[in-house]
Every structure is written in C-alpha cells, then in structure tokens.
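Peer 1: Below is the file final.txt, which contains compact mmCIF, C-alpha atoms and all ligand atoms.
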```
# COMPACT_ATOMS: atom_id res chain seq x y z
CA MET A 1 43.91 -12.15 -24.74
CA LYS A 2 44.91 -10.78 -21.34
CA ASP A 3 41.56 -11.67 -19.84
CA ARG A 4 42.14 -15.38 -20.35
CA LYS A 5 43.84 -17.28 -17.55
CA GLU A 6 42.51 -20.81 -17.58
CA LEU A 7 41.88 -21.69 -21.21
CA THR A 8 45.20 -21.04 -22.84
CA GLY A 9 45.07 -23.39 -25.80
CA GLU A 10 46.67 -26.27 -23.97
CA GLN A 11 44.73 -29.37 -24.98
CA ILE A 12 42.06 -30.57 -22.55
CA VAL A 13 40.50 -34.03 -22.80
CA VAL A 14 37.11 -34.33 -21.09
CA LYS A 15 36.30 -37.67 -19.49
CA VAL A 16 32.72 -38.87 -19.24
CA GLY A 17 32.84 -42.28 -17.57
CA ASP A 18 35.13 -44.34 -19.82
CA LEU A 19 34.64 -41.99 -22.75
CA LYS A 20 37.35 -39.49 -23.61
CA ILE A 21 36.39 -36.46 -25.67
CA GLY A 22 38.93 -34.22 -27.35
CA GLY A 23 42.64 -34.50 -28.06
CA ASN A 24 43.44 -37.38 -30.39
CA ASN A 25 40.46 -39.43 -29.30
CA PRO A 26 38.00 -40.51 -32.00
CA PRO A 27 34.94 -38.29 -32.48
CA VAL A 28 31.85 -39.11 -30.43
CA ILE A 29 28.19 -39.01 -31.38
CA ILE A 30 25.57 -37.59 -29.09
CA ALA A 31 22.12 -38.54 -30.37
CA GLY A 32 18.56 -38.64 -29.15
CA PRO A 33 15.34 -36.69 -29.20
CA CYS A 34 15.09 -32.94 -28.90
CA ALA A 35 12.81 -33.53 -25.94
CA VAL A 36 11.97 -36.48 -23.74
CA GLU A 37 8.25 -36.84 -24.45
CA SER A 38 7.44 -40.06 -22.60
CA ARG A 39 9.17 -43.02 -21.00
CA GLN A 40 8.36 -45.14 -24.03
CA GLN A 41 9.54 -42.58 -26.59
CA VAL A 42 12.97 -42.08 -25.05
CA MET A 43 13.43 -45.80 -24.37
CA GLU A 44 12.44 -46.81 -27.93
CA THR A 45 14.73 -44.17 -29.41
CA ALA A 46 17.61 -45.22 -27.16
CA LEU A 47 17.22 -48.90 -28.07
CA ALA A 48 17.08 -48.10 -31.79
CA LEU A 49 20.22 -45.93 -31.52
CA LYS A 50 22.06 -48.59 -29.53
CA GLU A 51 21.48 -51.04 -32.41
CA ILE A 52 23.30 -48.62 -34.71
CA SER A 53 25.92 -46.82 -32.62
CA ILE A 54 25.74 -44.12 -30.01
CA ASP A 55 28.18 -42.70 -27.46
CA ILE A 56 25.95 -40.37 -25.46
CA LEU A 57 22.14 -40.15 -25.27
CA ARG A 58 20.57 -36.69 -25.38
CA GLY A 59 17.08 -35.58 -24.39
CA GLY A 60 15.77 -32.23 -23.20
CA VAL A 61 13.53 -32.19 -20.16
CA PHE A 62 13.59 -28.44 -19.49
CA LYS A 63 12.92 -26.98 -22.92
CA PRO A 64 13.71 -23.36 -23.79
CA ARG A 65 10.78 -22.79 -26.15
CA THR A 66 10.12 -19.56 -28.01
CA SER A 67 6.43 -19.75 -27.16
CA PRO A 68 5.22 -20.25 -23.59
CA TYR A 69 2.35 -22.29 -25.06
CA SER A 70 4.65 -24.87 -26.67
CA PHE A 71 5.62 -28.11 -24.93
CA GLN A 72 7.95 -27.13 -22.10
CA GLY A 73 9.40 -30.56 -21.33
CA LEU A 74 8.61 -33.20 -18.72
CA GLY A 75 10.93 -31.75 -16.07
CA LEU A 76 12.14 -34.06 -13.31
CA GLU A 77 9.95 -36.91 -14.47
CA GLY A 78 11.65 -36.77 -17.88
CA LEU A 79 15.07 -36.66 -16.25
CA LYS A 80 14.35 -40.03 -14.65
CA TYR A 81 13.21 -41.52 -17.97
CA LEU A 82 16.35 -40.25 -19.67
CA LYS A 83 18.61 -41.77 -17.04
CA GLU A 84 16.72 -45.05 -17.16
CA ALA A 85 17.11 -45.20 -20.95
CA GLY A 86 20.82 -44.36 -20.70
CA GLU A 87 21.33 -47.10 -18.12
CA LYS A 88 19.46 -49.58 -20.27
CA ILE A 89 21.72 -49.00 -23.29
CA LYS A 90 24.79 -48.36 -21.11
CA VAL A 91 25.73 -44.91 -22.34
CA PRO A 92 26.03 -41.59 -20.48
CA VAL A 93 23.24 -39.05 -20.84
CA ILE A 94 23.11 -35.30 -21.38
CA THR A 95 20.33 -32.81 -20.73
CA GLU A 96 19.99 -29.04 -20.65
CA LEU A 97 19.97 -27.11 -17.40
CA MET A 98 18.12 -23.80 -17.67
CA ASP A 99 17.79 -22.79 -14.06
CA GLU A 100 20.03 -22.99 -11.01
CA LYS A 101 17.15 -24.38 -8.97
CA ASN A 102 17.38 -27.66 -10.92
CA LEU A 103 21.15 -27.95 -10.68
CA GLU A 104 21.16 -30.62 -7.97
CA ALA A 105 18.70 -32.85 -9.83
CA VAL A 106 20.52 -32.50 -13.14
CA VAL A 107 23.87 -33.25 -11.45
CA GLU A 108 22.33 -36.35 -9.92
CA TYR A 109 20.67 -37.74 -13.05
CA SER A 110 22.74 -36.49 -15.96
CA ASP A 111 26.36 -37.31 -16.83
CA ILE A 112 26.88 -34.08 -18.76
CA ILE A 113 25.16 -30.76 -18.14
CA GLN A 114 24.17 -28.87 -21.27
CA ILE A 115 24.09 -25.08 -21.21
CA GLY A 116 21.93 -24.07 -24.12
CA SER A 117 22.43 -21.30 -26.62
CA ARG A 118 20.01 -18.99 -24.79
CA ASN A 119 21.92 -19.31 -21.53
CA MET A 120 25.45 -18.85 -22.83
CA TYR A 121 25.31 -15.30 -21.48
CA ASN A 122 23.83 -16.32 -18.13
CA TYR A 123 26.92 -15.57 -16.10
CA SER A 124 25.45 -16.52 -12.74
CA LEU A 125 24.55 -19.95 -14.15
CA LEU A 126 28.03 -20.28 -15.66
CA LYS A 127 29.58 -19.51 -12.25
CA GLU A 128 27.43 -22.19 -10.60
CA ILE A 129 28.47 -24.73 -13.23
CA GLY A 130 32.07 -23.69 -12.64
CA ARG A 131 31.81 -24.59 -8.98
CA ILE A 132 30.90 -28.22 -9.64
CA ASP A 133 33.03 -31.03 -10.91
CA LYS A 134 30.93 -32.33 -13.75
CA PRO A 135 31.37 -32.29 -17.54
CA VAL A 136 29.50 -29.45 -19.17
CA LEU A 137 28.59 -28.89 -22.80
CA LEU A 138 28.52 -25.19 -23.56
CA LYS A 139 26.58 -24.28 -26.66
CA ARG A 140 27.40 -21.13 -28.58
CA GLY A 141 24.96 -18.31 -28.05
CA MET A 142 22.95 -17.77 -31.21
CA SER A 143 24.34 -14.28 -31.59
CA ALA A 144 27.60 -14.76 -29.76
CA SER A 145 30.90 -13.75 -31.27
CA ILE A 146 33.76 -16.18 -30.94
CA LYS A 147 35.30 -13.92 -28.31
CA GLU A 148 32.10 -13.92 -26.24
CA TRP A 149 31.87 -17.69 -26.50
CA ILE A 150 35.48 -18.07 -25.36
CA MET A 151 34.80 -15.82 -22.39
CA ALA A 152 31.68 -17.80 -21.43
CA ALA A 153 33.86 -20.93 -21.31
CA GLU A 154 36.48 -18.98 -19.36
CA TYR A 155 33.78 -18.12 -16.76
CA ILE A 156 33.18 -21.83 -16.11
CA ALA A 157 36.91 -22.57 -16.00
CA ALA A 158 37.65 -19.55 -13.79
CA TYR A 159 35.27 -20.89 -11.15
CA GLY A 160 37.02 -24.26 -11.13
CA ASN A 161 35.56 -26.53 -13.79
CA LYS A 162 37.61 -27.23 -16.90
CA ASN A 163 35.56 -30.23 -18.01
CA ILE A 164 34.06 -28.20 -20.82
CA ILE A 165 32.95 -29.41 -24.23
CA LEU A 166 32.08 -26.64 -26.67
CA CYS A 167 29.25 -27.01 -29.18
CA GLU A 168 28.86 -24.98 -32.37
CA ARG A 169 25.12 -24.86 -33.09
CA GLY A 170 24.85 -22.12 -35.67
CA ILE A 171 24.42 -18.39 -35.38
CA ARG A 172 21.80 -15.94 -36.57
CA THR A 173 22.58 -14.18 -39.82
CA PHE A 174 20.51 -12.50 -42.55
CA GLU A 175 20.00 -15.94 -44.12
CA VAL A 176 16.58 -17.44 -43.51
CA TYR A 177 16.77 -20.46 -45.79
CA THR A 178 18.39 -22.31 -42.92
CA ARG A 179 17.34 -21.96 -39.25
CA ASN A 180 20.86 -20.83 -38.32
CA THR A 181 24.13 -20.40 -40.16
CA LEU A 182 26.51 -23.14 -39.08
CA ASP A 183 29.88 -21.50 -38.51
CA LEU A 184 32.34 -24.29 -39.11
CA ALA A 185 35.32 -21.95 -39.10
CA ALA A 186 34.63 -21.64 -35.37
CA VAL A 187 35.63 -25.29 -34.88
CA PRO A 188 39.38 -25.03 -35.55
CA ILE A 189 39.43 -21.52 -34.06
CA MET A 190 37.84 -22.61 -30.77
CA LYS A 191 39.99 -25.75 -30.56
CA GLY A 192 43.13 -23.72 -31.06
CA GLU A 193 42.19 -20.79 -28.83
CA THR A 194 40.88 -22.77 -25.86
CA GLY A 195 42.30 -26.31 -26.18
CA LEU A 196 38.81 -27.63 -25.41
CA PRO A 197 36.99 -30.29 -27.44
CA VAL A 198 34.50 -28.84 -29.91
CA ILE A 199 31.50 -30.73 -31.22
CA VAL A 200 29.00 -29.66 -33.87
CA ASP A 201 25.20 -29.76 -33.80
CA PRO A 202 24.07 -29.86 -37.43
CA SER A 203 20.43 -30.30 -36.36
CA HIS A 204 20.01 -26.87 -34.74
CA GLY A 205 22.80 -25.55 -36.96
CA THR A 206 20.67 -25.92 -40.09
CA GLY A 207 17.14 -26.76 -38.96
CA ARG A 208 16.83 -29.02 -42.01
CA ARG A 209 17.20 -32.76 -41.86
CA GLU A 210 18.59 -33.09 -45.38
CA LEU A 211 21.57 -30.95 -44.40
CA ILE A 212 22.61 -33.10 -41.47
CA LEU A 213 24.74 -35.51 -43.53
CA PRO A 214 26.76 -32.95 -45.50
CA MET A 215 27.28 -30.75 -42.43
CA SER A 216 28.30 -33.74 -40.30
CA LYS A 217 30.93 -34.68 -42.85
CA ALA A 218 32.14 -31.11 -43.08
CA ALA A 219 32.28 -30.78 -39.28
CA LEU A 220 34.42 -33.89 -38.92
CA ALA A 221 36.62 -32.86 -41.84
CA CYS A 222 37.50 -29.62 -40.07
CA GLY A 223 38.40 -31.39 -36.85
CA ALA A 224 35.22 -31.54 -34.76
CA ASN A 225 35.53 -33.89 -31.80
CA GLY A 226 31.99 -35.10 -32.21
CA LEU A 227 28.46 -34.50 -33.41
CA MET A 228 25.13 -33.91 -31.72
CA ILE A 229 22.16 -35.09 -33.77
CA GLU A 230 18.43 -35.03 -33.01
CA VAL A 231 16.74 -38.36 -33.64
CA HIS A 232 13.05 -39.14 -33.11
CA ILE A 233 11.24 -42.43 -33.63
CA ASP A 234 8.47 -40.52 -35.42
CA PRO A 235 9.63 -36.99 -36.38
CA GLN A 236 6.17 -36.06 -37.76
CA LYS A 237 4.75 -36.43 -34.26
CA ALA A 238 7.66 -34.80 -32.39
CA LEU A 239 6.60 -32.22 -29.81
CA SER A 240 9.60 -30.06 -30.68
CA ASP A 241 12.00 -29.68 -33.62
CA GLY A 242 10.35 -32.36 -35.78
CA GLN A 243 11.46 -30.66 -39.01
CA GLN A 244 15.11 -31.13 -38.18
CA SER A 245 14.79 -34.53 -36.49
CA ILE A 246 15.67 -37.71 -38.33
CA THR A 247 14.48 -41.28 -37.86
CA PRO A 248 16.82 -43.97 -36.53
CA GLU A 249 16.99 -45.35 -40.11
CA GLN A 250 18.14 -42.00 -41.47
CA TYR A 251 20.59 -41.76 -38.59
CA LYS A 252 21.98 -45.16 -39.54
CA LYS A 253 22.70 -43.95 -43.08
CA ILE A 254 24.49 -40.89 -41.75
CA PHE A 255 26.47 -42.90 -39.25
CA LEU A 256 27.57 -45.44 -41.88
CA GLU A 257 28.59 -42.66 -44.22
CA VAL A 258 30.66 -40.69 -41.70
CA LYS A 259 32.22 -43.69 -40.00
CA LYS A 260 33.83 -44.70 -43.30
CA SER A 261 36.21 -41.83 -43.02
CA TYR A 262 36.19 -40.58 -39.48
CA PHE A 263 35.25 -43.09 -36.84
CA LYS A 264 37.50 -45.86 -35.62
CA LEU A 265 35.69 -49.17 -35.56
C1 LIG B 1 18.96 -28.36 -27.60
O1 LIG B 1 20.02 -28.87 -27.98
O2 LIG B 1 18.08 -29.00 -27.04
C2 LIG B 1 18.73 -26.92 -27.80
C3 LIG B 1 17.66 -26.31 -27.28
O3 LIG B 1 19.65 -26.31 -28.57
P1 LIG B 1 20.14 -24.78 -28.58
O4 LIG B 1 20.39 -24.41 -27.16
O5 LIG B 1 21.38 -24.87 -29.40
O6 LIG B 1 19.05 -24.00 -29.24
MN MN B 2 15.91 -29.19 -30.45
```
With the file now loaded, output its structure as structure tokens.
Peer 2:
Amino acid sequence: MKDRKELTGEQIVVKVGDLKIGGNNPPVIIAGPCAVESRQQVMETALALKEISIDILRGGVFKPRTSPYSFQGLGLEGLKYLKEAGEKIKVPVITELMDEKNLEAVVEYSDIIQIGSRNMYNYSLLKEIGRIDKPVLLKRGMSASIKEWIMAAEYIAAYGNKNIILCERGIRTFEVYTRNTLDLAAVPIMKGETGLPVIVDPSHGTGRRELILPMSKAALACGANGLMIEVHIDPQKALSDGQQSITPEQYKKIFLEVKKSYFKL
C-alpha cells in the first residue's frame, strides 16, 4: 500500500509500565467491567481479578450507548475510581476516550487510551491521539474493512504515536445469533500488515458469555497478543453489557483453561 509510511509490518512492541505487549512476549489479559458503576463495584471486581490473574484493568467511564437514556458512565468520577482500583491491585488501567475535551483527564488517569469501535473513523480524534506519547488501544470499527482499520492506525502513527495495540471486536454481518461476527482471520492479517500487537475482545465479539472460552482459545491459537474480557461481580445487575459479562469465577475457569496452553507461568 503506497499510502502507508509508518506501519510497514516491522514488529512493534508496546510498553505499558513494565508490561510488554506484542512481539514474542506472552499474551496479556485485559479484564474488568464494561462500565465503572461505583467505587465499590470496580474495587471488588479488581480485587477478585487480582486473586486469579490480570495484566490490565478495564472499565468504561464515558460509555458510547446506543440509547441516550441508558447509563452513560460516571465520567471523571469513575476515572478516579478506576485508577484507585488499578493502583490497589498494582496493574495499569485502560478506559475509552470518546471526546477530545476529556483527553487531558484520560491521559492523566489512564495508562492506555481506548478508542472504541464507534470512533475508529473519528479522524480528528485519531490525530489528537497521534500527537501524544501514550499507549492507545484502537478497536476495529464495527463495519470497518481491514484496509480502513489499517489506515485508522496509520493516522495515529502518522501524527507521531506508534504505541498502538489493535483490538478485533467483531464486525456487523447478516448474522444475528451473535452480537457481532468475530473476524479472527483479521488477527494474523493485521499483525503481518502493520507489525502491531493485536488483541481480541470475545465479549463484544460475540455478545454471549458462553462463547468467550472457545473464542479466547481460538484467538490465542491464531496468534493474538492478548484478550479483553468483560467481568462483573454480578452480571445480572450490570448497568451495561450484562449478557456478555462473566463473573470472576467464570473468568477463573477461562483463565485456567487458556493458560494451560498459552500463558507462561
Ligand atoms: C468497550 O470495550 O467498552 C466498548 C464499548 O467496546 P466497542 O467499542 O468495541 O463497542
Ligand atoms: Mn461493553
């Protein structure tokens, strides 16, 4: 591709504190609630995950909801709770940035900036993220072709930031049995084309908690550099994405199963 100057396929390892993502480093797990709902909820979840194993704690505080009447996230207050929980269990944290006006706060409180599926095409936001020196997780747009996804990453790199982790989170197809169609072929393609680490989100990728284990195994088998899994202490009461969230106990089963083959102890 002539229009690609920065991401040439040469391997890039992204450092988040002491953690190295990509290259020959072992896969990482990002886990946590879809949304930070309260100080107690994120802290309890973090402590339960720490008991099992976790590399990075996730939690949305600015939530891109389909309905304006659904829970929109706790905003800055939630960001502080997320950071506090991450500090308590001594892991980096990640949260989604939806709007440039919150960039400074998210840079201050979060170790990785997540650009969600809905904003993959937000080129002005991508340029802003490119200008800062902070790891970014770029999710695939829900109707983005591989080429478009590559070019979104190239936008960030072109403006100066190559600390990019890609995340396959499923695309929209005619299939409605699952929330999205998880495109695992994109994993080796994106790794090869860009050289960037690619992780897989089987939670949004399927929308069904019973599919998280098989899709996690499949993702790691095809070379994913990590997983992102939604975990809630009480999925029935979750304010968002309860149907795809798993309990810490279910997470433990998945972790034990995948670590047998893929995670170094
Ligand atoms: C999320 O991970 O919180 C999220 C909203 O996912 P996506 O952008 O993939 O829909
Ligand atoms: Mn979610």
Peer 1: Report as a tab-separated table (two decimals) with C-alpha atoms, in the coordinates of the input which protein, DNA and RNA residues come within 6 Å of ligand LIG 1 (chain B), using all atoms listed in the file.
Peer 2:
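Saved as pocket-v8.tsv:
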```tsv
chain	number	residue	atom	x	y	z
A	34	CYS	CA	15.09	-32.94	-28.90
A	60	GLY	CA	15.77	-32.23	-23.20
A	116	GLY	CA	21.93	-24.07	-24.12
A	117	SER	CA	22.43	-21.30	-26.62
A	118	ARG	CA	20.01	-18.99	-24.79
A	139	LYS	CA	26.58	-24.28	-26.66
A	169	ARG	CA	25.12	-24.86	-33.09
A	204	HIS	CA	20.01	-26.87	-34.74
```
Peer 1: Can you tell me, as a PDB file with C-alpha atoms, keeping the file's coordinate frame, what residues are no more than 9 Å from Ala144 of chain A when counting only C-alpha atoms, ignoring any on the same chain fewer than 3 positions away?
Peer 2:
```
ATOM      1  CA  SER A 117      22.430 -21.300 -26.620  1.00  0.00           C
ATOM      2  CA  MET A 120      25.450 -18.850 -22.830  1.00  0.00           C
ATOM      3  CA  TYR A 121      25.310 -15.300 -21.480  1.00  0.00           C
ATOM      4  CA  ARG A 140      27.400 -21.130 -28.580  1.00  0.00           C
ATOM      5  CA  GLY A 141      24.960 -18.310 -28.050  1.00  0.00           C
ATOM      6  CA  LYS A 147      35.300 -13.920 -28.310  1.00  0.00           C
ATOM      7  CA  GLU A 148      32.100 -13.920 -26.240  1.00  0.00           C
ATOM      8  CA  TRP A 149      31.870 -17.690 -26.500  1.00  0.00           C
ATOM      9  CA  ILE A 171      24.420 -18.390 -35.380  1.00  0.00           C
TER      10      ILE A 171
END
```
Peer 1: Show me which residues are within 9 Å of ligand MN 2 (chain B) counting only C-alpha atoms and all ligand atoms, and format the list as number ranges by chain.
Peer 2: A: 33-35, 59-60, 63, 203-204, 207, 230, 240-242, 244-245
Peer 1: For the residues in that selection, give me C-alpha atoms as a PDB file, keeping the file's coordinate frame.
Peer 2:
```pdb
ATOM      1  CA  PRO A  33      15.340 -36.690 -29.200  1.00  0.00           C
ATOM      2  CA  CYS A  34      15.090 -32.940 -28.900  1.00  0.00           C
ATOM      3  CA  ALA A  35      12.810 -33.530 -25.940  1.00  0.00           C
ATOM      4  CA  GLY A  59      17.080 -35.580 -24.390  1.00  0.00           C
ATOM      5  CA  GLY A  60      15.770 -32.230 -23.200  1.00  0.00           C
ATOM      6  CA  LYS A  63      12.920 -26.980 -22.920  1.00  0.00           C
ATOM      7  CA  SER A 203      20.430 -30.300 -36.360  1.00  0.00           C
ATOM      8  CA  HIS A 204      20.010 -26.870 -34.740  1.00  0.00           C
ATOM      9  CA  GLY A 207      17.140 -26.760 -38.960  1.00  0.00           C
ATOM     10  CA  GLU A 230      18.430 -35.030 -33.010  1.00  0.00           C
ATOM     11  CA  SER A 240       9.600 -30.060 -30.680  1.00  0.00           C
ATOM     12  CA  ASP A 241      12.000 -29.680 -33.620  1.00  0.00           C
ATOM     13  CA  GLY A 242      10.350 -32.360 -35.780  1.00  0.00           C
ATOM     14  CA  GLN A 244      15.110 -31.130 -38.180  1.00  0.00           C
ATOM     15  CA  SER A 245      14.790 -34.530 -36.490  1.00  0.00           C
TER      16      SER A 245
END
```
Peer 1: Between A:Leu166, A:Gly226, A:Glu193, A:Lys88, single out the one closest to Asp55 of chain A, counting only C-alpha atoms.
Peer 2: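 Using only C-alpha atoms, Asp55 of chain A sits closest to A:Gly226.
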Peer 1: Name all residues at most 8 Å from segment 107-110 of chain A (count all atoms listed in the file; drop same-chain ones fewer than 4 positions away) and give them as a list of chain:residue names.
Peer 2: A:Leu79, A:Lys80, A:Lys83, A:Pro92, A:Val93, A:Ile94, A:Thr95, A:Leu103, A:Lys134
Peer 1: Which neighbours of segment 208-212 of chain A fall inside 9 Å, counting all atoms listed in the file, when residues of the same chain fewer than 4 positions from it are skipped, and could you give them as a list of chain:residue names?
Peer 2: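 So, after excluding close chain neighbours, the residues are A:Thr178, A:Arg179, A:Asp201, A:Pro202, A:Ser203, A:His204, A:Ser216, A:Lys217, A:Ile229, A:Gln243, A:Gln244, A:Ser245, A:Ile246, A:Ile254.
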Peer 1: Excluding Met228 of chain A and any residue of its chain fewer than 3 positions from it, enumerate the residues within 9 Å of it, using all atoms listed in the file, and give them as a ChimeraX atom specification.
Peer 2: /A:28-32,58,167,199-203
Peer 1: Find the residue from A:Leu137, A:Ala224, A:Ile112, A:Ala238 that sits nearest to Gly23 of chain A; use only C-alpha atoms when measuring.
Peer 2: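 So, comparing all the options, the nearest one is A:Ala224.
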Peer 1: Please indicate the distance in Å from atom CA of Glu175 of chain A to atom CA of Val198 of chain A, rounded to one decimal place.
Peer 2: 24.1 Å
Peer 1: For Asn102 of chain A, which of A:Ile115, A:Leu76, A:Ala48, A:Leu213 is the closest residue, counting only C-alpha atoms?
Peer 2: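 Among the listed residues, A:Leu76 lies closest to Asn102 of chain A.
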Peer 1: I'd like the contact shell of Asn180 of chain A - 7 Å cut-off, all atoms listed in the file, skipping same-chain residues fewer than 3 positions apart - returned as JSON, numbers by chain.
Peer 2: {"A": [170, 171, 172, 205, 206]}
Peer 1: If I take atom CA of Pro248 of chain A and atom CA of Val187 of chain A, how far is one from the other in Å, to one decimal?
Peer 2: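 Distance reported for this atom pair: 26.6 Å.
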Peer 1: Would you please work out which residue, of A:Arg39, A:Ile164, A:Asp133, A:Pro68, is nearest to Gly86 of chain A when using only C-alpha atoms?
Peer 2: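 Distance minimum relative to Gly86 of chain A lands on A:Arg39.
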Peer 1: Here is a test: counting only C-alpha atoms, which residue of A:Lys127, A:Asp234, A:Ile21, A:Val91 is nearest to Ile54 of chain A?
Peer 2: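 Using only C-alpha atoms, the shortest distance to Ile54 of chain A belongs to A:Val91.
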Peer 1: Quick one, how far is atom CA of Glu44 of chain A from atom CA of Asn225 of chain A?
Peer 2: 26.7 Å
